>>> print(open('structure23.txt').read())   # compact mmCIF, C-alpha atoms
# COMPACT_ATOMS: atom_id res chain seq x y z
CA MET G 1 -20.53 -22.54 28.74
CA GLU G 2 -19.38 -21.90 25.17
CA LYS G 3 -22.50 -19.84 24.41
CA GLN G 4 -21.96 -17.78 27.56
CA THR G 5 -18.39 -17.04 26.43
CA GLU G 6 -19.63 -16.02 22.97
CA ARG G 7 -22.26 -13.71 24.50
CA ARG G 8 -19.65 -12.14 26.78
CA LEU G 9 -17.30 -11.54 23.85
CA GLU G 10 -20.14 -10.07 21.83
CA ARG G 11 -21.02 -7.68 24.68
CA SER G 12 -17.36 -6.66 24.96
CA ASP G 13 -17.13 -6.04 21.24
CA LYS G 14 -20.25 -3.85 21.33
CA LYS G 15 -18.88 -1.89 24.27
CA ILE G 16 -15.53 -1.37 22.54
CA LYS G 17 -17.28 -0.04 19.44
CA ARG G 18 -19.59 2.17 21.50
CA ILE G 19 -16.63 3.75 23.31
CA MET G 20 -14.67 4.13 20.08
CA ARG G 21 -17.51 5.79 18.17
CA SER G 22 -18.36 8.15 21.01
CA ALA G 23 -14.70 9.10 21.34
CA ILE G 24 -14.29 9.66 17.58
CA ARG G 25 -17.36 11.90 17.59
CA LEU G 26 -15.84 13.96 20.43
CA PHE G 27 -12.48 14.12 18.64
CA GLN G 28 -14.13 15.36 15.46
CA GLU G 29 -16.19 17.97 17.31
CA ASP G 30 -13.57 19.30 19.75
CA GLY G 31 -10.22 18.12 18.39
CA TYR G 32 -8.25 15.08 19.47
CA TYR G 33 -5.96 16.92 21.88
CA ASN G 34 -8.84 18.76 23.57
CA VAL G 35 -10.67 15.56 24.60
CA SER G 36 -9.62 13.73 27.75
CA ILE G 37 -10.26 10.13 28.76
CA GLU G 38 -12.60 11.52 31.43
CA ASP G 39 -14.64 13.20 28.67
CA ILE G 40 -14.86 9.90 26.80
CA VAL G 41 -15.86 7.98 29.93
CA LYS G 42 -18.56 10.53 30.71
CA ALA G 43 -19.97 10.42 27.16
CA THR G 44 -20.26 6.62 27.27
CA ASN G 45 -21.61 6.33 30.82
CA SER G 46 -18.64 4.15 31.61
CA SER G 47 -15.76 4.24 34.08
CA THR G 48 -12.05 4.93 33.80
CA GLY G 49 -11.32 1.35 34.87
CA SER G 50 -13.58 0.02 32.16
CA PHE G 51 -11.88 2.22 29.57
CA TYR G 52 -8.42 0.91 30.47
CA ASN G 53 -9.78 -2.60 30.44
CA TYR G 54 -10.23 -2.25 26.68
CA PHE G 55 -7.70 0.41 25.66
CA GLY G 56 -4.15 1.11 26.73
CA SER G 57 -4.37 4.78 25.76
CA LYS G 58 -6.45 7.36 23.91
CA ASP G 59 -4.31 6.76 20.82
CA GLU G 60 -5.60 3.19 20.53
CA LEU G 61 -9.08 4.51 19.78
CA VAL G 62 -7.69 6.17 16.65
CA VAL G 63 -5.79 2.97 15.72
CA LEU G 64 -9.00 0.96 15.99
CA TYR G 65 -10.98 3.55 14.04
CA ARG G 66 -8.40 3.57 11.24
CA ARG G 67 -8.46 -0.22 11.05
CA GLU G 68 -12.23 -0.24 10.86
CA LEU G 69 -12.26 2.24 7.98
CA LEU G 70 -9.49 0.44 6.11
CA SER G 71 -11.36 -2.85 6.47
CA TYR G 72 -13.82 -1.39 3.94
CA CYS G 73 -11.22 -2.11 1.28
CA ASN G 74 -12.35 -5.76 1.54
CA ASN G 75 -15.79 -4.70 0.33
CA PHE G 76 -14.20 -2.74 -2.51
CA TYR G 77 -12.08 -5.76 -3.46
CA ALA G 78 -15.21 -7.94 -3.65
CA HIS G 79 -16.74 -5.20 -5.84
CA LEU G 80 -13.69 -5.29 -8.13
CA GLN G 81 -14.02 -9.03 -8.58
CA SER G 82 -17.77 -9.26 -9.12
CA ASP G 83 -19.15 -5.96 -10.46
CA ALA G 84 -19.91 -5.87 -14.18
CA SER G 85 -18.23 -2.45 -14.54
CA TYR G 86 -14.85 -4.10 -13.83
CA ALA G 87 -15.45 -7.21 -15.93
CA GLY G 88 -13.28 -5.93 -18.78
CA LYS G 89 -10.45 -4.73 -16.53
CA ASN G 90 -7.22 -6.68 -16.11
CA SER G 91 -5.54 -7.24 -12.75
CA LEU G 92 -3.15 -4.29 -13.18
CA GLU G 93 -6.10 -1.92 -13.66
CA LYS G 94 -7.91 -3.44 -10.68
CA LEU G 95 -4.77 -3.06 -8.54
CA GLN G 96 -4.53 0.60 -9.50
CA ALA G 97 -8.21 1.11 -8.57
CA LEU G 98 -7.62 -0.60 -5.21
CA THR G 99 -4.55 1.56 -4.52
CA VAL G 100 -6.53 4.75 -5.19
CA HIS G 101 -9.35 3.46 -2.95
CA VAL G 102 -6.92 2.77 -0.07
CA LEU G 103 -5.47 6.28 -0.38
CA GLU G 104 -8.97 7.74 -0.26
CA LEU G 105 -9.82 5.65 2.82
CA LEU G 106 -6.67 6.92 4.56
CA ALA G 107 -7.73 10.48 3.78
CA THR G 108 -11.21 9.70 5.16
CA VAL G 109 -9.59 8.92 8.52
CA GLY G 110 -8.57 12.57 8.56
CA GLU G 111 -5.32 14.47 8.75
CA GLU G 112 -5.26 14.81 12.55
CA PHE G 113 -6.10 11.13 13.18
CA GLY G 114 -3.56 10.10 10.55
CA ARG G 115 -0.80 11.96 12.40
CA VAL G 116 -1.93 10.51 15.74
CA PHE G 117 -1.80 6.98 14.30
CA THR G 118 1.64 7.55 12.75
CA VAL G 119 3.13 8.96 15.95
CA HIS G 120 1.57 6.13 17.98
CA ARG G 121 3.06 3.47 15.71
CA LEU G 122 6.50 5.11 15.71
CA LYS G 123 6.37 5.28 19.48
CA GLU G 124 4.96 1.83 20.15
CA THR G 125 6.77 0.01 17.30
CA ASN G 126 4.17 -2.77 17.40
CA ALA G 127 2.63 -2.64 13.95
CA VAL G 128 0.40 -5.62 13.22
CA PRO G 129 -1.16 -7.01 9.99
CA GLU G 130 -4.53 -5.50 10.96
CA ASP G 131 -3.00 -2.06 10.35
CA LYS G 132 -2.78 -2.90 6.62
CA PRO G 133 -5.82 -5.03 5.69
CA TYR G 134 -5.25 -4.05 2.07
CA TYR G 135 -1.85 -5.79 1.81
CA PRO G 136 -3.11 -9.39 1.25
CA LEU G 137 -5.51 -8.02 -1.39
CA VAL G 138 -2.63 -6.26 -3.15
CA ARG G 139 -0.66 -9.52 -3.18
CA GLU G 140 -3.61 -11.44 -4.57
CA LEU G 141 -4.12 -9.00 -7.44
CA ILE G 142 -0.41 -9.11 -8.27
CA GLU G 143 -0.53 -12.91 -8.40
CA GLN G 144 -3.54 -12.70 -10.73
CA GLY G 145 -1.78 -10.04 -12.81
CA GLN G 146 1.27 -12.22 -13.32
CA GLN G 147 -1.06 -15.01 -14.44
CA ASP G 148 -3.04 -12.86 -16.88
CA LYS G 149 0.22 -11.21 -18.09
CA SER G 150 -0.79 -7.66 -17.16
CA ILE G 151 1.87 -7.37 -14.40
CA ARG G 152 5.56 -7.98 -14.90
CA CYS G 153 6.96 -11.35 -13.83
CA ASP G 154 10.65 -10.49 -13.43
CA TYR G 155 10.01 -9.41 -9.83
CA CYS G 156 8.43 -11.66 -7.20
CA VAL G 157 4.94 -10.97 -5.85
CA ASP G 158 6.20 -9.81 -2.44
CA HIS G 159 8.66 -7.37 -4.00
CA ILE G 160 5.97 -5.68 -6.10
CA ALA G 161 3.50 -5.73 -3.17
CA ASP G 162 6.09 -3.98 -0.98
CA ILE G 163 6.66 -1.33 -3.66
CA VAL G 164 2.90 -0.63 -3.83
CA ASP G 165 2.73 -0.53 -0.02
CA PHE G 166 5.71 1.86 0.21
CA PHE G 167 4.01 4.06 -2.37
CA ILE G 168 0.77 4.17 -0.35
CA ILE G 169 2.67 5.02 2.84
CA GLY G 170 4.71 7.71 1.05
CA CYS G 171 1.65 9.38 -0.50
CA HIS G 172 -0.14 9.36 2.85
CA MET G 173 2.89 10.80 4.68
CA ASP G 174 3.19 13.65 2.15
CA TRP G 175 -0.53 14.34 2.55
CA LEU G 176 -0.10 14.47 6.35
CA ILE G 177 2.97 16.71 6.15
CA LYS G 178 0.99 19.13 3.96
CA ARG G 179 -1.86 19.01 6.47
CA GLY G 180 -4.31 17.39 4.04
CA THR G 181 -4.45 20.49 1.87
CA TYR G 182 -5.03 18.57 -1.38
CA ILE G 183 -7.17 15.67 -2.62
CA ILE G 184 -4.87 12.72 -2.05
CA ALA G 185 -5.64 10.70 -5.21
CA ASP G 186 -5.79 13.70 -7.54
CA GLY G 187 -2.60 15.19 -6.11
CA ASN G 188 -0.72 11.95 -6.77
CA ALA G 189 -2.33 11.07 -10.12
CA HIS G 190 0.90 11.40 -12.15
CA ALA G 191 2.88 9.37 -9.60
CA ILE G 192 0.17 6.67 -9.58
CA ASN G 193 0.31 6.40 -13.38
CA MET G 194 4.11 6.23 -13.32
CA LEU G 195 4.06 3.49 -10.69
CA PHE G 196 1.61 1.29 -12.57
CA ASN G 197 3.28 1.87 -15.92
CA ASN G 198 6.48 0.55 -14.37
CA ILE G 199 4.99 -2.58 -12.81
CA SER G 200 3.10 -3.49 -15.98
CA SER G 201 4.19 -6.35 -18.22
CA ALA G 202 4.80 -3.75 -20.95
CA ALA G 203 7.58 -2.22 -18.82
CA GLU G 204 9.23 -5.62 -18.49
CA ASN G 205 9.17 -6.08 -22.26
CA GLN G 206 10.69 -2.63 -22.85
CA LYS G 207 13.70 -3.04 -20.56
CA PRO G 208 17.13 -3.56 -22.20
CA ARG G 209 18.24 -7.14 -22.68
CA GLN G 210 20.75 -8.25 -20.09
CA MET G 211 24.35 -8.77 -21.12
CA TYR G 212 26.96 -10.18 -18.83
CA LEU G 213 30.13 -8.16 -18.30
CA GLY G 214 32.25 -11.28 -18.81
CA GLU G 215 30.75 -11.89 -22.24
CA ILE G 216 31.29 -8.28 -23.33
CA TRP G 217 34.88 -8.32 -22.04
CA ALA G 218 35.69 -11.61 -23.74
CA ASP G 219 34.24 -10.36 -27.03
CA ALA G 220 36.21 -7.11 -26.86
CA MET G 221 39.48 -8.82 -25.95
CA SER G 222 39.19 -11.42 -28.71
CA ARG G 223 38.68 -8.70 -31.30
CA THR G 224 41.40 -6.33 -30.13
CA ALA G 225 43.89 -9.18 -29.67
CA GLN G 226 43.50 -9.99 -33.35
CA ASP G 227 43.66 -6.42 -34.61
CA PHE G 228 44.22 -3.38 -32.40
CA SER G 229 43.16 -1.10 -35.27
CA SER G 230 39.73 -2.77 -35.63
CA ASP G 231 36.65 -0.66 -36.18
CA ILE G 232 35.66 0.21 -32.57
CA LYS G 233 32.56 2.02 -33.78
CA ARG G 234 31.34 -1.16 -35.48
CA LEU G 235 32.04 -3.14 -32.30
CA GLU G 236 30.09 -0.60 -30.24
CA GLU G 237 27.13 -0.82 -32.62
CA GLN G 238 27.13 -4.60 -32.36
CA TRP G 239 27.04 -4.41 -28.57
CA LEU G 240 24.18 -1.93 -28.67
CA GLU G 241 22.35 -4.19 -31.09
CA ARG G 242 22.78 -7.05 -28.63
CA LEU G 243 21.58 -4.89 -25.78
CA TYR G 244 18.55 -3.33 -27.42
CA GLY G 245 18.02 -5.21 -30.66
CA THR G 246 16.24 -8.38 -31.66
CA LYS G 247 19.11 -10.51 -32.95
CA PRO G 248 19.74 -13.67 -30.87
CA TYR G 249 23.09 -14.12 -29.21
>>> encode(input="structure23.txt", output="structure tokens")
Amino acid sequence: MEKQTERRLERSDKKIKRIMRSAIRLFQEDGYYNVSIEDIVKATNSSTGSFYNYFGSKDELVVLYRRELLSYCNNFYAHLQSDASYAGKNSLEKLQALTVHVLELLATVGEEFGRVFTVHRLKETNAVPEDKPYYPLVRELIEQGQQDKSIRCDYCVDHIADIVDFFIIGCHMDWLIKRGTYIIADGNAHAINMLFNNISSAAENQKPRQMYLGEIWADAMSRTAQDFSSDIKRLEEQWLERLYGTKPY
């Protein structure tokens, strides 16, 4: 009985992929909005009932296609971890390479399909983890980066992962708005470098030292209470030294 169920699921999976690939081919040849469900059914020697048994709408074919393409980022992640060409790279550099790869995969889906997916998700409001198969990989690389000290540790893993995800979404949206008229990774090269410079451990080390307002206020009041004509410039320099300098306090 269990084997029969497995065979049935396998047949269903094959049929879903056959319908999806035939539909994508038609979309690419004739344009998404020029292809009807009847055209898809005819191309797959199927029936309308069978189509709706697997898909709620034509949009869902694009959603499935996008997921399938994005799932290739798992192969790229395995490549990052095992290929000799990345052996000398730290986790920050690997995360940057993965981010560029995800952007390129999103562009591979195509500008028209990207807009269809975005509109579908805004309309349906039922985003699922499968829509972002890269997200767990991003988190994993951030965890590794905080361990190997290439990624800053003053923000939690989820916070940094969300920033990277927001960046990917923003780049993709700009690319869609501009109708895919530029190479997505090249067009965002400066922004990509800025992002990864700011999530590096070097950025954490360069930030000003934190001073509490209460401490500054207490210091200022104690000095002015003793002598209202004290050297304010010297006091300011001492504060700046505390904020940016190396002296302990």
>>> atom_distance(input="structure23.txt", atom1="CA of Lys89 (chain G)", atom2="CA of Asn197 (chain G)")
15.2 Å
>>> atom_distance(input="structure23.txt", atom1="CA of Phe167 (chain G)", atom2="CA of Asn75 (chain G)")
21.8 Å
>>> residues_near_point(input="structure23.txt", point="(-12.0, 2.3, 10.9)", cutoff="12 Å", atoms="all atoms listed in the file", output="ChimeraX atom specification")
/G:17,20-21,24,60-73,105-110,113-114,117,130-133
>>> atom_distance(input="structure23.txt", atom1="CA of Tyr77 (chain G)", atom2="CA of Leu98 (chain G)")
7.0 Å
>>> closest_residue(input="structure23.txt", among="G:Leu95, G:Leu122, G:Ile19, G:Leu195", to="Glu140 (chain G)", atoms="all atoms listed in the file")
G:Leu95
>>> closest_residue(input="structure23.txt", among="G:Ile40, G:Ala97, G:Ile16, G:Val128", to="Phe196 (chain G)", atoms="all atoms listed in the file")
G:Ala97
>>> axis_aligned_box(input="structure23.txt", around="region 110-127 of chain G", padding_each_side="4 Å", output="AutoDock Vina command-line options")
--center_x -0.9 --center_y 6.0 --center_z 14.4 --size_x 23.3 --size_y 25.6 --size_z 19.6
>>> residues_around(input="structure23.txt", residues="Ile168 (chain G)", least_positions_apart="3", cutoff="8 Å", atoms="only C-alpha atoms", output="mmCIF file with C-alpha atoms, in the frame of the given file")
data_model
loop_
_atom_site.group_PDB
_atom_site.id
_atom_site.type_symbol
_atom_site.label_atom_id
_atom_site.label_comp_id
_atom_site.auth_asym_id
_atom_site.auth_seq_id
_atom_site.Cartn_x
_atom_site.Cartn_y
_atom_site.Cartn_z
ATOM 1 C CA THR G 99 -4.550 1.560 -4.520
ATOM 2 C CA VAL G 102 -6.920 2.770 -0.070
ATOM 3 C CA LEU G 103 -5.470 6.280 -0.380
ATOM 4 C CA VAL G 164 2.900 -0.630 -3.830
ATOM 5 C CA ASP G 165 2.730 -0.530 -0.020
ATOM 6 C CA CYS G 171 1.650 9.380 -0.500
ATOM 7 C CA HIS G 172 -0.140 9.360 2.850
#
>>> closest_residue(input="structure23.txt", among="G:Lys178, G:Ile169, G:Ala185, G:Ser150", to="Ala202 (chain G)", atoms="all atoms listed in the file")
G:Ser150
>>> closest_residue(input="structure23.txt", among="G:Ile184, G:Ala78, G:Arg121, G:Leu141", to="Lys94 (chain G)", atoms="all atoms listed in the file")
G:Leu141
>>> closest_residue(input="structure23.txt", among="G:Val35, G:Leu137, G:Val100, G:Ala87", to="Ala161 (chain G)", atoms="only C-alpha atoms")
G:Leu137
>>> decode(input="structure23.txt", residues="region 112-158 of chain G", atoms="N, CA and C atoms", output="CSV table (one decimal), in the first residue's frame")
chain,number,residue,atom,x,y,z
G,112,GLU,N,9.3,39.4,-17.0
G,112,GLU,CA,7.9,39.2,-17.0
G,112,GLU,C,7.4,38.3,-15.9
G,113,PHE,N,8.1,37.1,-15.8
G,113,PHE,CA,7.7,36.2,-14.7
G,113,PHE,C,8.0,36.7,-13.3
G,114,GLY,N,9.0,37.5,-13.2
G,114,GLY,CA,9.3,38.2,-11.9
G,114,GLY,C,8.1,39.1,-11.5
G,115,ARG,N,7.6,39.8,-12.4
G,115,ARG,CA,6.5,40.7,-12.1
G,115,ARG,C,5.2,39.9,-11.8
G,116,VAL,N,5.0,38.8,-12.6
G,116,VAL,CA,3.9,38.0,-12.3
G,116,VAL,C,3.9,37.4,-10.9
G,117,PHE,N,5.1,36.9,-10.5
G,117,PHE,CA,5.3,36.3,-9.2
G,117,PHE,C,5.0,37.4,-8.1
G,118,THR,N,5.6,38.6,-8.3
G,118,THR,CA,5.4,39.6,-7.3
G,118,THR,C,4.0,40.0,-7.1
G,119,VAL,N,3.3,40.2,-8.2
G,119,VAL,CA,1.8,40.6,-8.1
G,119,VAL,C,1.0,39.4,-7.5
G,120,HIS,N,1.4,38.2,-7.8
G,120,HIS,CA,0.7,37.1,-7.3
G,120,HIS,C,0.8,37.0,-5.7
G,121,ARG,N,2.1,37.2,-5.3
G,121,ARG,CA,2.3,37.2,-3.8
G,121,ARG,C,1.7,38.4,-3.1
G,122,LEU,N,1.7,39.5,-3.7
G,122,LEU,CA,1.0,40.7,-3.1
G,122,LEU,C,-0.5,40.4,-3.0
G,123,LYS,N,-1.0,39.8,-4.0
G,123,LYS,CA,-2.5,39.5,-4.1
G,123,LYS,C,-2.9,38.4,-3.1
G,124,GLU,N,-2.1,37.3,-3.1
G,124,GLU,CA,-2.4,36.1,-2.3
G,124,GLU,C,-2.0,36.2,-0.9
G,125,THR,N,-1.0,37.0,-0.6
G,125,THR,CA,-0.4,37.2,0.7
G,125,THR,C,-0.2,35.9,1.5
G,126,ASN,N,0.4,34.9,0.7
G,126,ASN,CA,0.6,33.6,1.3
G,126,ASN,C,2.0,33.1,1.1
G,127,ALA,N,3.0,34.0,1.3
G,127,ALA,CA,4.4,33.6,1.0
G,127,ALA,C,4.8,32.5,2.0
G,128,VAL,N,5.6,31.6,1.4
G,128,VAL,CA,6.0,30.4,2.2
G,128,VAL,C,7.5,30.3,2.1
G,129,PRO,N,8.1,29.5,3.0
G,129,PRO,CA,9.6,29.4,3.0
G,129,PRO,C,10.2,29.0,1.7
G,130,GLU,N,9.4,28.2,0.9
G,130,GLU,CA,9.9,27.7,-0.3
G,130,GLU,C,10.1,28.8,-1.4
G,131,ASP,N,9.5,29.9,-1.1
G,131,ASP,CA,9.8,31.1,-2.0
G,131,ASP,C,11.2,31.6,-1.9
G,132,LYS,N,11.8,31.4,-0.7
G,132,LYS,CA,13.2,31.9,-0.5
G,132,LYS,C,14.1,30.7,0.0
G,133,PRO,N,14.4,29.8,-0.9
G,133,PRO,CA,15.2,28.7,-0.4
G,133,PRO,C,16.7,29.1,-0.1
G,134,TYR,N,17.0,30.3,-0.4
G,134,TYR,CA,18.4,30.8,-0.1
G,134,TYR,C,18.5,31.3,1.3
G,135,TYR,N,17.4,31.6,2.0
G,135,TYR,CA,17.4,32.3,3.3
G,135,TYR,C,18.1,31.4,4.4
G,136,PRO,N,17.8,30.1,4.5
G,136,PRO,CA,18.6,29.3,5.5
G,136,PRO,C,20.1,29.2,5.2
G,137,LEU,N,20.4,29.3,3.9
G,137,LEU,CA,21.8,29.2,3.5
G,137,LEU,C,22.5,30.5,3.9
G,138,VAL,N,21.8,31.7,3.8
G,138,VAL,CA,22.3,33.0,4.2
G,138,VAL,C,22.6,33.0,5.7
G,139,ARG,N,21.6,32.4,6.4
G,139,ARG,CA,21.8,32.4,7.9
G,139,ARG,C,23.0,31.5,8.3
G,140,GLU,N,23.1,30.4,7.6
G,140,GLU,CA,24.2,29.5,7.9
G,140,GLU,C,25.6,30.1,7.7
G,141,LEU,N,25.7,30.9,6.6
G,141,LEU,CA,27.0,31.5,6.3
G,141,LEU,C,27.2,32.7,7.3
G,142,ILE,N,26.2,33.3,7.8
G,142,ILE,CA,26.4,34.4,8.8
G,142,ILE,C,26.9,33.8,10.1
G,143,GLU,N,26.3,32.7,10.5
G,143,GLU,CA,26.7,32.0,11.7
G,143,GLU,C,28.2,31.6,11.6
G,144,GLN,N,28.6,31.1,10.4
G,144,GLN,CA,30.0,30.7,10.2
G,144,GLN,C,30.9,31.9,10.2
G,145,GLY,N,30.4,33.0,9.6
G,145,GLY,CA,31.1,34.2,9.6
G,145,GLY,C,31.4,34.9,11.0
G,146,GLN,N,30.4,34.7,11.8
G,146,GLN,CA,30.6,35.2,13.2
G,146,GLN,C,31.6,34.4,14.0
G,147,GLN,N,31.6,33.1,13.6
G,147,GLN,CA,32.6,32.2,14.2
G,147,GLN,C,34.0,32.4,13.7
G,148,ASP,N,34.1,32.6,12.4
G,148,ASP,CA,35.5,32.9,11.9
G,148,ASP,C,35.9,34.3,11.9
G,149,LYS,N,35.0,35.2,12.5
G,149,LYS,CA,35.3,36.6,12.7
G,149,LYS,C,35.4,37.4,11.5
G,150,SER,N,34.8,37.0,10.4
G,150,SER,CA,34.7,37.8,9.2
G,150,SER,C,33.4,38.7,9.1
G,151,ILE,N,32.4,38.3,9.9
G,151,ILE,CA,31.2,39.0,10.0
G,151,ILE,C,30.9,39.6,11.4
G,152,ARG,N,30.4,40.8,11.4
G,152,ARG,CA,30.3,41.5,12.7
G,152,ARG,C,29.4,40.7,13.7
G,153,CYS,N,29.6,40.8,14.9
G,153,CYS,CA,28.9,40.0,16.0
G,153,CYS,C,28.0,40.9,16.8
G,154,ASP,N,28.0,42.2,16.6
G,154,ASP,CA,27.1,43.1,17.4
G,154,ASP,C,25.7,43.1,16.9
G,155,TYR,N,25.4,42.4,15.9
G,155,TYR,CA,24.0,42.2,15.4
G,155,TYR,C,23.8,40.7,15.4
G,156,CYS,N,22.5,40.3,15.7
G,156,CYS,CA,22.2,38.8,15.7
G,156,CYS,C,22.1,38.3,14.3
G,157,VAL,N,22.2,37.0,14.2
G,157,VAL,CA,22.2,36.3,12.9
G,157,VAL,C,21.0,36.7,12.1
G,158,ASP,N,19.8,36.6,12.7
G,158,ASP,CA,18.5,36.9,12.0
G,158,ASP,C,18.5,38.3,11.5
